[in-house]
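J.: PDB, C-alpha atoms, file input.pdb:
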ATOM      1  CA  MET D  16     106.873 176.718  73.437  1.00  0.00           C
ATOM      2  CA  GLU D  17     104.521 175.056  70.999  1.00  0.00           C
ATOM      3  CA  GLN D  18     107.280 172.680  69.895  1.00  0.00           C
ATOM      4  CA  LYS D  19     108.003 171.784  73.520  1.00  0.00           C
ATOM      5  CA  GLU D  20     104.328 171.127  74.183  1.00  0.00           C
ATOM      6  CA  VAL D  21     104.147 168.883  71.123  1.00  0.00           C
ATOM      7  CA  GLN D  22     107.203 166.937  72.326  1.00  0.00           C
ATOM      8  CA  ILE D  23     105.672 166.550  75.785  1.00  0.00           C
ATOM      9  CA  MET D  24     102.389 165.356  74.277  1.00  0.00           C
ATOM     10  CA  VAL D  25     104.243 162.851  72.072  1.00  0.00           C
ATOM     11  CA  LEU D  26     106.232 161.645  75.091  1.00  0.00           C
ATOM     12  CA  ILE D  27     103.081 161.244  77.175  1.00  0.00           C
ATOM     13  CA  ALA D  28     101.313 159.426  74.311  1.00  0.00           C
ATOM     14  CA  THR D  29     104.316 157.145  73.893  1.00  0.00           C
ATOM     15  CA  ILE D  30     104.370 156.369  77.628  1.00  0.00           C
ATOM     16  CA  ILE D  31     100.632 155.655  77.575  1.00  0.00           C
ATOM     17  CA  VAL D  32     101.026 153.355  74.559  1.00  0.00           C
ATOM     18  CA  ILE D  33     103.916 151.539  76.257  1.00  0.00           C
ATOM     19  CA  ILE D  34     101.914 151.155  79.479  1.00  0.00           C
ATOM     20  CA  LEU D  35      98.928 149.842  77.517  1.00  0.00           C
ATOM     21  CA  ALA D  36     101.145 147.456  75.567  1.00  0.00           C
ATOM     22  CA  VAL D  37     102.817 146.181  78.748  1.00  0.00           C
ATOM     23  CA  SER D  38      99.413 145.864  80.436  1.00  0.00           C
ATOM     24  CA  LEU D  39      98.046 143.897  77.476  1.00  0.00           C
ATOM     25  CA  ILE D  40     101.080 141.607  77.473  1.00  0.00           C
ATOM     26  CA  PHE D  41     100.780 141.148  81.244  1.00  0.00           C
ATOM     27  CA  PHE D  42      97.059 140.368  81.131  1.00  0.00           C
ATOM     28  CA  PHE D  43      97.510 138.075  78.115  1.00  0.00           C
ATOM     29  CA  SER D  44     100.311 136.219  79.908  1.00  0.00           C
ATOM     30  CA  TYR D  45      98.228 136.049  83.108  1.00  0.00           C
ATOM     31  CA  PHE D  46      95.163 134.650  81.367  1.00  0.00           C
ATOM     32  CA  GLN D  47      97.349 132.250  79.347  1.00  0.00           C
ATOM     33  CA  GLN D  48      98.850 130.940  82.589  1.00  0.00           C
ATOM     34  CA  LYS D  49      95.369 130.611  84.089  1.00  0.00           C
ATOM     35  CA  LYS D  50      94.182 128.760  81.007  1.00  0.00           C
ATOM     36  CA  THR D  51      97.202 126.420  81.083  1.00  0.00           C
ATOM     37  CA  ALA D  52      96.735 125.779  84.809  1.00  0.00           C
ATOM     38  CA  PHE D  53      93.037 125.073  84.234  1.00  0.00           C
ATOM     39  CA  LEU D  54      93.796 122.622  81.407  1.00  0.00           C
ATOM     40  CA  LEU D  55      96.457 120.892  83.521  1.00  0.00           C
ATOM     41  CA  LYS D  56      94.002 120.649  86.411  1.00  0.00           C
ATOM     42  CA  GLN D  57      91.367 119.205  84.095  1.00  0.00           C
ATOM     43  CA  ARG D  58      93.869 116.692  82.725  1.00  0.00           C
ATOM     44  CA  GLU D  59      94.914 115.733  86.268  1.00  0.00           C
ATOM     45  CA  ILE D  60      91.267 115.288  87.290  1.00  0.00           C
ATOM     46  CA  GLN D  61      90.600 113.173  84.181  1.00  0.00           C
ATOM     47  CA  GLN D  62      93.716 111.097  84.862  1.00  0.00           C
ATOM     48  CA  ARG D  63      92.659 110.525  88.471  1.00  0.00           C
ATOM     49  CA  PHE D  64      89.174 109.628  87.309  1.00  0.00           C
ATOM     50  CA  ASP D  65      90.573 107.128  84.778  1.00  0.00           C
ATOM     51  CA  GLU D  66      92.821 105.622  87.466  1.00  0.00           C
ATOM     52  CA  GLU D  67      89.880 105.228  89.850  1.00  0.00           C
ATOM     53  CA  ILE D  68      87.804 103.589  87.095  1.00  0.00           C
ATOM     54  CA  THR D  69      90.683 101.201  86.311  1.00  0.00           C
ATOM     55  CA  LYS D  70      91.156 100.413  90.016  1.00  0.00           C
ATOM     56  CA  SER D  71      87.437  99.744  90.384  1.00  0.00           C
ATOM     57  CA  LYS D  72      87.492  97.432  87.377  1.00  0.00           C
ATOM     58  CA  LEU D  73      90.489  95.569  88.774  1.00  0.00           C
ATOM     59  CA  GLU D  74      88.859  95.225  92.191  1.00  0.00           C
ATOM     60  CA  ILE D  75      85.718  93.835  90.549  1.00  0.00           C
ATOM     61  CA  GLN D  76      87.800  91.440  88.431  1.00  0.00           C
ATOM     62  CA  GLU D  77      89.818  90.270  91.439  1.00  0.00           C
ATOM     63  CA  GLN D  78      86.656  89.720  93.467  1.00  0.00           C
ATOM     64  CA  ALA D  79      85.112  87.782  90.563  1.00  0.00           C
ATOM     65  CA  LEU D  80      88.260  85.643  90.271  1.00  0.00           C
ATOM     66  CA  LYS D  81      88.179  85.018  94.019  1.00  0.00           C
ATOM     67  CA  ASN D  82      84.553  83.890  93.797  1.00  0.00           C
ATOM     68  CA  ILE D  83      85.331  81.602  90.848  1.00  0.00           C
ATOM     69  CA  SER D  84      88.279  80.202  92.810  1.00  0.00           C
ATOM     70  CA  TRP D  85      86.012  79.408  95.775  1.00  0.00           C
ATOM     71  CA  GLU D  86      83.425  77.795  93.484  1.00  0.00           C
ATOM     72  CA  ILE D  87      86.063  75.589  91.870  1.00  0.00           C
ATOM     73  CA  HIS D  88      87.687  74.649  95.162  1.00  0.00           C
ATOM     74  CA  ASP D  89      84.563  74.153  97.254  1.00  0.00           C
ATOM     75  CA  ASN D  90      81.875  73.005  94.838  1.00  0.00           C
ATOM     76  CA  VAL D  91      83.547  71.385  91.818  1.00  0.00           C
ATOM     77  CA  GLY D  92      86.389  70.061  93.961  1.00  0.00           C
ATOM     78  CA  GLN D  93      83.919  68.564  96.427  1.00  0.00           C
ATOM     79  CA  LEU D  94      81.951  66.876  93.639  1.00  0.00           C
ATOM     80  CA  LEU D  95      85.129  65.298  92.275  1.00  0.00           C
ATOM     81  CA  SER D  96      86.116  64.149  95.769  1.00  0.00           C
ATOM     82  CA  VAL D  97      82.707  62.478  96.172  1.00  0.00           C
ATOM     83  CA  ALA D  98      83.044  60.893  92.719  1.00  0.00           C
ATOM     84  CA  LYS D  99      86.449  59.480  93.713  1.00  0.00           C
ATOM     85  CA  MET D 100      85.035  58.001  96.934  1.00  0.00           C
ATOM     86  CA  GLN D 101      82.159  56.419  95.031  1.00  0.00           C
ATOM     87  CA  LEU D 102      84.591  54.922  92.521  1.00  0.00           C
ATOM     88  CA  ASN D 103      86.563  53.404  95.404  1.00  0.00           C
ATOM     89  CA  MET D 104      83.367  51.871  96.799  1.00  0.00           C
ATOM     90  CA  VAL D 105      82.377  50.469  93.395  1.00  0.00           C
ATOM     91  CA  GLN D 106      85.878  49.114  92.891  1.00  0.00           C
ATOM     92  CA  MET D 107      85.621  46.896  95.992  1.00  0.00           C
ATOM     93  CA  SER D 108      82.510  45.160  94.652  1.00  0.00           C
ATOM     94  CA  LEU D 109      83.922  44.337  91.187  1.00  0.00           C
ATOM     95  CA  PRO D 110      86.029  41.426  89.924  1.00  0.00           C
ATOM     96  CA  GLU D 111      89.779  42.026  89.883  1.00  0.00           C
ATOM     97  CA  LYS D 112      89.907  42.480  86.081  1.00  0.00           C
ATOM     98  CA  GLU D 113      87.343  45.291  86.126  1.00  0.00           C
ATOM     99  CA  GLN D 114      88.902  46.856  89.196  1.00  0.00           C
ATOM    100  CA  ASN D 115      91.922  47.925  87.124  1.00  0.00           C
ATOM    101  CA  GLN D 116      89.677  50.025  84.869  1.00  0.00           C
ATOM    102  CA  ILE D 117      88.115  51.701  87.898  1.00  0.00           C
ATOM    103  CA  ILE D 118      91.594  52.390  89.301  1.00  0.00           C
ATOM    104  CA  GLU D 119      92.588  54.153  86.044  1.00  0.00           C
ATOM    105  CA  THR D 120      89.393  56.224  86.123  1.00  0.00           C
ATOM    106  CA  GLY D 121      90.031  57.076  89.779  1.00  0.00           C
ATOM    107  CA  GLU D 122      93.554  58.279  88.903  1.00  0.00           C
ATOM    108  CA  ILE D 123      92.126  60.532  86.176  1.00  0.00           C
ATOM    109  CA  VAL D 124      89.634  61.984  88.671  1.00  0.00           C
ATOM    110  CA  SER D 125      92.447  62.521  91.214  1.00  0.00           C
ATOM    111  CA  LYS D 126      94.585  64.291  88.623  1.00  0.00           C
ATOM    112  CA  SER D 127      91.640  66.464  87.562  1.00  0.00           C
ATOM    113  CA  LEU D 128      91.020  67.363  91.197  1.00  0.00           C
ATOM    114  CA  GLN D 129      94.673  68.289  91.661  1.00  0.00           C
ATOM    115  CA  GLU D 130      94.711  70.499  88.557  1.00  0.00           C
ATOM    116  CA  LEU D 131      91.452  72.203  89.501  1.00  0.00           C
ATOM    117  CA  ARG D 132      92.851  73.052  92.918  1.00  0.00           C
ATOM    118  CA  GLY D 133      95.996  74.431  91.248  1.00  0.00           C
ATOM    119  CA  LEU D 134      93.843  76.538  88.939  1.00  0.00           C
ATOM    120  CA  ALA D 135      91.765  77.765  91.897  1.00  0.00           C
ATOM    121  CA  LYS D 136      94.948  78.890  93.657  1.00  0.00           C
ATOM    122  CA  SER D 137      96.195  80.815  90.621  1.00  0.00           C
ATOM    123  CA  LEU D 138      92.859  82.638  90.336  1.00  0.00           C
ATOM    124  CA  ASN D 139      92.653  83.605  93.992  1.00  0.00           C
ATOM    125  CA  PRO D 140      94.435  86.926  94.792  1.00  0.00           C
ATOM    126  CA  GLU D 141      94.873  85.780  98.392  1.00  0.00           C
ATOM    127  CA  THR D 142      97.239  83.055  97.155  1.00  0.00           C
ATOM    128  CA  ILE D 143      99.426  85.646  95.440  1.00  0.00           C
ATOM    129  CA  LYS D 144      99.424  87.777  98.603  1.00  0.00           C
ATOM    130  CA  ASN D 145     100.451  84.812 100.743  1.00  0.00           C
ATOM    131  CA  LYS D 146     102.928  83.140  98.381  1.00  0.00           C
ATOM    132  CA  GLY D 147     104.303  86.245  96.668  1.00  0.00           C
ATOM    133  CA  LEU D 148     104.966  86.915  92.993  1.00  0.00           C
ATOM    134  CA  LEU D 149     107.887  84.532  92.500  1.00  0.00           C
ATOM    135  CA  ASP D 150     106.272  81.434  94.047  1.00  0.00           C
ATOM    136  CA  SER D 151     102.979  82.163  92.257  1.00  0.00           C
ATOM    137  CA  ILE D 152     104.797  82.249  88.907  1.00  0.00           C
ATOM    138  CA  LYS D 153     106.602  79.007  89.799  1.00  0.00           C
ATOM    139  CA  LEU D 154     103.232  77.330  90.447  1.00  0.00           C
ATOM    140  CA  GLU D 155     101.972  78.448  87.015  1.00  0.00           C
ATOM    141  CA  ILE D 156     105.147  77.245  85.285  1.00  0.00           C
ATOM    142  CA  ASP D 157     104.893  73.861  87.023  1.00  0.00           C
ATOM    143  CA  ARG D 158     101.230  73.565  86.022  1.00  0.00           C
ATOM    144  CA  TYR D 159     101.975  74.288  82.338  1.00  0.00           C
ATOM    145  CA  ASN D 160     104.774  71.702  82.297  1.00  0.00           C
ATOM    146  CA  ARG D 161     102.714  69.109  84.170  1.00  0.00           C
ATOM    147  CA  LEU D 162      99.847  69.393  81.702  1.00  0.00           C
ATOM    148  CA  ASN D 163     102.209  69.451  78.690  1.00  0.00           C
ATOM    149  CA  PHE D 164     100.604  72.668  77.451  1.00  0.00           C
ATOM    150  CA  VAL D 165     104.003  74.119  76.599  1.00  0.00           C
ATOM    151  CA  GLU D 166     107.626  73.665  77.631  1.00  0.00           C
ATOM    152  CA  ALA D 167     107.910  76.438  80.205  1.00  0.00           C
ATOM    153  CA  GLU D 168     111.008  77.751  81.967  1.00  0.00           C
ATOM    154  CA  LEU D 169     111.575  80.324  84.709  1.00  0.00           C
ATOM    155  CA  ILE D 170     114.893  82.211  84.949  1.00  0.00           C
ATOM    156  CA  ILE D 171     115.797  84.352  87.980  1.00  0.00           C
ATOM    157  CA  THR D 172     118.754  86.734  88.181  1.00  0.00           C
ATOM    158  CA  ASP D 173     120.074  88.479  91.297  1.00  0.00           C
ATOM    159  CA  GLU D 174     118.566  88.202  94.772  1.00  0.00           C
ATOM    160  CA  PRO D 175     114.739  88.157  94.772  1.00  0.00           C
ATOM    161  CA  TYR D 176     112.859  90.684  96.887  1.00  0.00           C
ATOM    162  CA  ASN D 177     109.194  91.374  97.629  1.00  0.00           C
ATOM    163  CA  LEU D 178     107.128  94.226  96.229  1.00  0.00           C
ATOM    164  CA  THR D 179     103.860  95.559  97.636  1.00  0.00           C
ATOM    165  CA  ASN D 180     100.835  93.242  97.432  1.00  0.00           C
ATOM    166  CA  GLU D 181      99.182  95.508  94.861  1.00  0.00           C
ATOM    167  CA  LYS D 182     102.236  95.476  92.589  1.00  0.00           C
ATOM    168  CA  GLU D 183     102.718  91.710  92.848  1.00  0.00           C
ATOM    169  CA  ILE D 184      99.052  90.931  92.105  1.00  0.00           C
ATOM    170  CA  ILE D 185      98.977  93.275  89.091  1.00  0.00           C
ATOM    171  CA  LEU D 186     102.302  91.981  87.710  1.00  0.00           C
ATOM    172  CA  PHE D 187     101.100  88.397  88.108  1.00  0.00           C
ATOM    173  CA  ARG D 188      97.808  89.162  86.301  1.00  0.00           C
ATOM    174  CA  ILE D 189      99.693  90.820  83.422  1.00  0.00           C
ATOM    175  CA  LEU D 190     101.937  87.768  83.101  1.00  0.00           C
ATOM    176  CA  GLN D 191      98.970  85.437  83.444  1.00  0.00           C
ATOM    177  CA  GLU D 192      97.216  87.247  80.584  1.00  0.00           C
ATOM    178  CA  PHE D 193     100.311  86.946  78.385  1.00  0.00           C
ATOM    179  CA  CYS D 194     100.680  83.226  79.192  1.00  0.00           C
ATOM    180  CA  ASN D 195      96.984  82.541  78.525  1.00  0.00           C
ATOM    181  CA  ASN D 196      97.308  84.233  75.120  1.00  0.00           C
ATOM    182  CA  THR D 197     100.391  82.117  74.431  1.00  0.00           C
ATOM    183  CA  LEU D 198      98.486  78.917  75.244  1.00  0.00           C
ATOM    184  CA  LYS D 199      95.333  79.918  73.335  1.00  0.00           C
ATOM    185  CA  TYR D 200      96.606  81.617  70.200  1.00  0.00           C
ATOM    186  CA  SER D 201     100.353  81.357  69.644  1.00  0.00           C
ATOM    187  CA  LYS D 202     100.786  77.611  68.946  1.00  0.00           C
ATOM    188  CA  ALA D 203     104.071  77.972  70.825  1.00  0.00           C
ATOM    189  CA  GLU D 204     106.159  75.040  71.978  1.00  0.00           C
ATOM    190  CA  LYS D 205     108.290  77.015  74.412  1.00  0.00           C
ATOM    191  CA  LEU D 206     107.584  79.744  76.952  1.00  0.00           C
ATOM    192  CA  GLU D 207     110.303  81.486  78.935  1.00  0.00           C
ATOM    193  CA  ILE D 208     109.825  83.940  81.806  1.00  0.00           C
ATOM    194  CA  GLU D 209     112.830  85.839  83.144  1.00  0.00           C
ATOM    195  CA  LEU D 210     112.826  87.920  86.340  1.00  0.00           C
ATOM    196  CA  ASN D 211     115.715  90.360  86.803  1.00  0.00           C
ATOM    197  CA  TYR D 212     115.838  91.709  90.360  1.00  0.00           C
ATOM    198  CA  ASN D 213     117.858  94.912  89.877  1.00  0.00           C
ATOM    199  CA  PRO D 214     118.431  97.082  92.994  1.00  0.00           C
ATOM    200  CA  ASP D 215     115.735  99.658  92.138  1.00  0.00           C
ATOM    201  CA  LEU D 216     113.877  98.009  89.302  1.00  0.00           C
ATOM    202  CA  LEU D 217     112.283  94.637  88.643  1.00  0.00           C
ATOM    203  CA  THR D 218     112.297  93.742  84.955  1.00  0.00           C
ATOM    204  CA  ILE D 219     110.291  90.827  83.643  1.00  0.00           C
ATOM    205  CA  ILE D 220     110.687  89.371  80.159  1.00  0.00           C
ATOM    206  CA  ALA D 221     108.255  86.733  78.884  1.00  0.00           C
ATOM    207  CA  VAL D 222     108.937  85.174  75.475  1.00  0.00           C
ATOM    208  CA  ASP D 223     107.211  82.492  73.395  1.00  0.00           C
ATOM    209  CA  ASN D 224     108.272  80.956  70.089  1.00  0.00           C
ATOM    210  CA  GLY D 225     104.785  80.936  68.593  1.00  0.00           C
ATOM    211  CA  ILE D 226     103.334  82.260  65.361  1.00  0.00           C
ATOM    212  CA  GLY D 227     103.303  85.875  66.563  1.00  0.00           C
ATOM    213  CA  PHE D 228     101.096  88.578  65.066  1.00  0.00           C
ATOM    214  CA  ASP D 229     101.175  92.001  63.428  1.00  0.00           C
ATOM    215  CA  ILE D 230     101.682  94.421  66.340  1.00  0.00           C
ATOM    216  CA  ASN D 231     100.199  97.285  64.284  1.00  0.00           C
ATOM    217  CA  ASP D 232      96.888  95.464  63.844  1.00  0.00           C
ATOM    218  CA  LEU D 233      94.607  97.231  66.365  1.00  0.00           C
ATOM    219  CA  SER D 234      92.097  94.378  66.407  1.00  0.00           C
ATOM    220  CA  LYS D 235      94.872  91.978  67.443  1.00  0.00           C
ATOM    221  CA  GLN D 236      96.023  94.398  70.165  1.00  0.00           C
ATOM    222  CA  ASN D 237      92.511  94.470  71.604  1.00  0.00           C
ATOM    223  CA  GLY D 238      92.258  90.688  71.322  1.00  0.00           C
ATOM    224  CA  ILE D 239      95.399  90.061  73.377  1.00  0.00           C
ATOM    225  CA  GLY D 240      94.396  92.592  76.029  1.00  0.00           C
ATOM    226  CA  LEU D 241      97.350  94.933  75.428  1.00  0.00           C
ATOM    227  CA  ILE D 242      95.343  97.977  76.515  1.00  0.00           C
ATOM    228  CA  ASN D 243      94.303  96.123  79.666  1.00  0.00           C
ATOM    229  CA  MET D 244      97.923  95.192  80.384  1.00  0.00           C
ATOM    230  CA  LYS D 245      99.108  98.783  79.960  1.00  0.00           C
ATOM    231  CA  SER D 246      96.323 100.269  82.074  1.00  0.00           C
ATOM    232  CA  ARG D 247      97.129  97.792  84.847  1.00  0.00           C
ATOM    233  CA  GLY D 248     100.827  98.678  84.575  1.00  0.00           C
ATOM    234  CA  GLU D 249     100.165 102.418  84.801  1.00  0.00           C
ATOM    235  CA  LEU D 250      98.544 101.959  88.222  1.00  0.00           C
ATOM    236  CA  ILE D 251     101.844 100.755  89.702  1.00  0.00           C
ATOM    237  CA  GLY D 252     104.197 102.865  87.572  1.00  0.00           C
ATOM    238  CA  ALA D 253     105.250  99.898  85.432  1.00  0.00           C
ATOM    239  CA  LYS D 254     106.137 100.221  81.757  1.00  0.00           C
ATOM    240  CA  ILE D 255     104.722  97.573  79.426  1.00  0.00           C
ATOM    241  CA  GLU D 256     106.042  96.842  75.970  1.00  0.00           C
ATOM    242  CA  LEU D 257     104.884  94.063  73.664  1.00  0.00           C
ATOM    243  CA  ILE D 258     107.011  93.066  70.670  1.00  0.00           C
ATOM    244  CA  SER D 259     105.807  90.638  68.019  1.00  0.00           C
ATOM    245  CA  SER D 260     105.816  89.921  64.320  1.00  0.00           C
ATOM    246  CA  GLU D 261     104.299  87.142  62.266  1.00  0.00           C
ATOM    247  CA  ASN D 262     106.109  83.788  62.598  1.00  0.00           C
ATOM    248  CA  LYS D 263     108.653  85.256  65.018  1.00  0.00           C
ATOM    249  CA  GLY D 264     106.990  84.776  68.381  1.00  0.00           C
ATOM    250  CA  THR D 265     105.949  87.345  70.972  1.00  0.00           C
ATOM    251  CA  LYS D 266     107.897  89.099  73.715  1.00  0.00           C
ATOM    252  CA  LEU D 267     106.503  90.966  76.717  1.00  0.00           C
ATOM    253  CA  TYR D 268     108.749  93.424  78.542  1.00  0.00           C
ATOM    254  CA  ILE D 269     107.779  94.809  81.955  1.00  0.00           C
ATOM    255  CA  SER D 270     109.805  97.225  84.071  1.00  0.00           C
ATOM    256  CA  CYS D 271     108.456  98.010  87.545  1.00  0.00           C
ATOM    257  CA  PRO D 272     110.168 100.267  90.114  1.00  0.00           C
ATOM    258  CA  LYS D 273     110.918  98.539  93.402  1.00  0.00           C
TER     259      LYS D 273
END
Rewrite the structure from the file as structure tokens, please.

T.:
Amino acid sequence: MEQKEVQIMVLIATIIVIILAVSLIFFFSYFQQKKTAFLLKQREIQQRFDEEITKSKLEIQEQALKNISWEIHDNVGQLLSVAKMQLNMVQMSLPEKEQNQIIETGEIVSKSLQELRGLAKSLNPETIKNKGLLDSIKLEIDRYNRLNFVEAELIITDEPYNLTNEKEIILFRILQEFCNNTLKYSKAEKLEIELNYNPDLLTIIAVDNGIGFDINDLSKQNGIGLINMKSRGELIGAKIELISSENKGTKLYISCPK
């Protein structure tokens, strides 16, 4: 009898230990899941917060660019138009020999006015909305070639299609930033932009033959606005990759879902 009682006690103790062990495992697993869910929620909230901050920054930048565009078009453009009219009036009162000099000056003013209006269009997001990504890029390419900044070329494969206004504006700004860096820092002679209109994915490749830079140099990355490019791309689900090395040019690769 005593042996049986001991066996029963051992069995009961074993069952209790097993129940406690299972309970501990269950509660540990439960709290671990809660902790993981909480961390994921926090990360999601932080990600949403970062996206909202980036969107706000972009909206402010776009509004600032729109205002600058209006200032250039309305104020500076108007001043140049008045200057051209005054030159025409002065020209009529001068001898024929001196008129030729005024004509040359007038042509310079006219060209400056034309380029300023082109610049104003490229800065204004409304132009990109109305013209679309492809035509906006064509305008930039034409402007670079006209001013002899760089020998620029645009290549298009497959049948072009439109994206949402938000995607097209952001993609254009990313390209614009790359091109501005090419003109300012790269000492490039050639710039090539290729748009591949795949059925579900638009890929854009921009390449210059400039001096390039060390891609691992963080100060250079900040200088060329790589972080800004990537944060813009993330808002529309686009992947951004920049490839460069010293004396081997720079290549920007963008892939954006249709």

J.: I'd like the interatomic distance between atom CA of Glu249 of chain D and atom CA of Ile269 of chain D, to a tenth of an Å.

T.: 11.1 Å

J.: Quick one: everything within 12 Å of Asn231 of chain D, counting all atoms listed in the file, minus sequence neighbours fewer than 6 positions away in the same chain. Send it as JSON, numbers by chain.

T.: {"D": [237, 241, 257, 258, 259, 260, 261]}

J.: Include C-alpha atoms and write out the residues we just selected as an mmCIF file, in the coordinates of the input.

T.:
data_model
loop_
_atom_site.group_PDB
_atom_site.id
_atom_site.type_symbol
_atom_site.label_atom_id
_atom_site.label_comp_id
_atom_site.auth_asym_id
_atom_site.auth_seq_id
_atom_site.Cartn_x
_atom_site.Cartn_y
_atom_site.Cartn_z
ATOM 1 C CA ASN D 237 92.511 94.470 71.604
ATOM 2 C CA LEU D 241 97.350 94.933 75.428
ATOM 3 C CA LEU D 257 104.884 94.063 73.664
ATOM 4 C CA ILE D 258 107.011 93.066 70.670
ATOM 5 C CA SER D 259 105.807 90.638 68.019
ATOM 6 C CA SER D 260 105.816 89.921 64.320
ATOM 7 C CA GLU D 261 104.299 87.142 62.266
#

J.: Rank D:Ile242, D:Ile184, D:Leu169, D:Ile34 by their smallest atom-to-atom distance to Glu141 of chain D, using all atoms listed in the file, and report the top residue only.

T.: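 Counting all atoms listed in the file, the residue closest to Glu141 of chain D is D:Ile184.
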
J.: With the PyMOL selection byres ((chain D and resi 164) around 12) as the selection, what would be picked from this file? Answer as a PyMOL selection string, please.

T.: chain D and resi 155-163+165-167+194-195+197-199+201-206

J.: Using all atoms listed in the file and a cutoff of 12 Å, can you tell me which residues are near (109.6, 85.9, 79.7) in the file's coordinates, and write them out as a VMD selection string?

T.: chain D and resid 152 156 167 to 171 189 to 191 193 to 194 197 205 to 211 218 to 224 257 to 258 264 to 269

J.: Measure the distance from atom CA of Phe41 of chain D to atom CA of Phe53 of chain D in Å and round it to one decimal.

T.: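 If I compute the distance from atom CA of Phe41 of chain D to atom CA of Phe53 of chain D, I get 18.1 Å.
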
J.: Any chance you could resolve the PyMOL selection byres ((chain D and resi 183) around 10) against this file and give the residues as a ChimeraX atom specification?

T.: /D:140,143-144,147-149,151,177-182,184-189,251

J.: Just how far from atom CA of Pro214 of chain D is atom CA of Lys273 of chain D, in Å to one decimal?

T.: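 Between these atoms lies a distance of 7.7 Å.
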
J.: Between D:Thr120, D:Lys126, D:Asp215, D:Ile83, which has the minimum distance to Asn139 of chain D (counting only C-alpha atoms)?

T.: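 Closest to Asn139 of chain D of all the choices is D:Ile83.
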
J.: Residues within 12 Å of Ala98 of chain D, please, as an NGL selection string. Count all atoms listed in the file; anything in the same chain fewer than 5 positions from it doesn't count.

T.: :D and (91-93 or 103-105 or 117 or 120-125 or 127-128)

J.: I'd like the residues picked by the PyMOL selection byres ((chain D and resi 254) around 10) written out as a PyMOL selection string, using the chain letters and numbers from the file.

T.: chain D and resi 218+244-249+251-253+255-256+268-272

J.: Now that the selection is made, can you save its residues with C-alpha atoms as a PDB file, in the coordinates of the input?

T.:
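As written to disk, selection28.pdb reads:
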ATOM      1  CA  THR D 218     112.297  93.742  84.955  1.00  0.00           C
ATOM      2  CA  MET D 244      97.923  95.192  80.384  1.00  0.00           C
ATOM      3  CA  LYS D 245      99.108  98.783  79.960  1.00  0.00           C
ATOM      4  CA  SER D 246      96.323 100.269  82.074  1.00  0.00           C
ATOM      5  CA  ARG D 247      97.129  97.792  84.847  1.00  0.00           C
ATOM      6  CA  GLY D 248     100.827  98.678  84.575  1.00  0.00           C
ATOM      7  CA  GLU D 249     100.165 102.418  84.801  1.00  0.00           C
ATOM      8  CA  ILE D 251     101.844 100.755  89.702  1.00  0.00           C
ATOM      9  CA  GLY D 252     104.197 102.865  87.572  1.00  0.00           C
ATOM     10  CA  ALA D 253     105.250  99.898  85.432  1.00  0.00           C
ATOM     11  CA  ILE D 255     104.722  97.573  79.426  1.00  0.00           C
ATOM     12  CA  GLU D 256     106.042  96.842  75.970  1.00  0.00           C
ATOM     13  CA  TYR D 268     108.749  93.424  78.542  1.00  0.00           C
ATOM     14  CA  ILE D 269     107.779  94.809  81.955  1.00  0.00           C
ATOM     15  CA  SER D 270     109.805  97.225  84.071  1.00  0.00           C
ATOM     16  CA  CYS D 271     108.456  98.010  87.545  1.00  0.00           C
ATOM     17  CA  PRO D 272     110.168 100.267  90.114  1.00  0.00           C
TER      18      PRO D 272
END

J.: Between D:Ile23, D:Ser96, D:Asp229, D:Asp173, which one has atoms that come closest to Leu131 of chain D, using all atoms listed in the file?

T.: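 Looking at the shortest contact to Leu131 of chain D, the residue is D:Ser96.
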
J.: I'd like to know which of D:Glu192, D:Leu55, D:Asn115, D:Val32 is closest to Ser137 of chain D, using all atoms listed in the file.

T.: D:Glu192
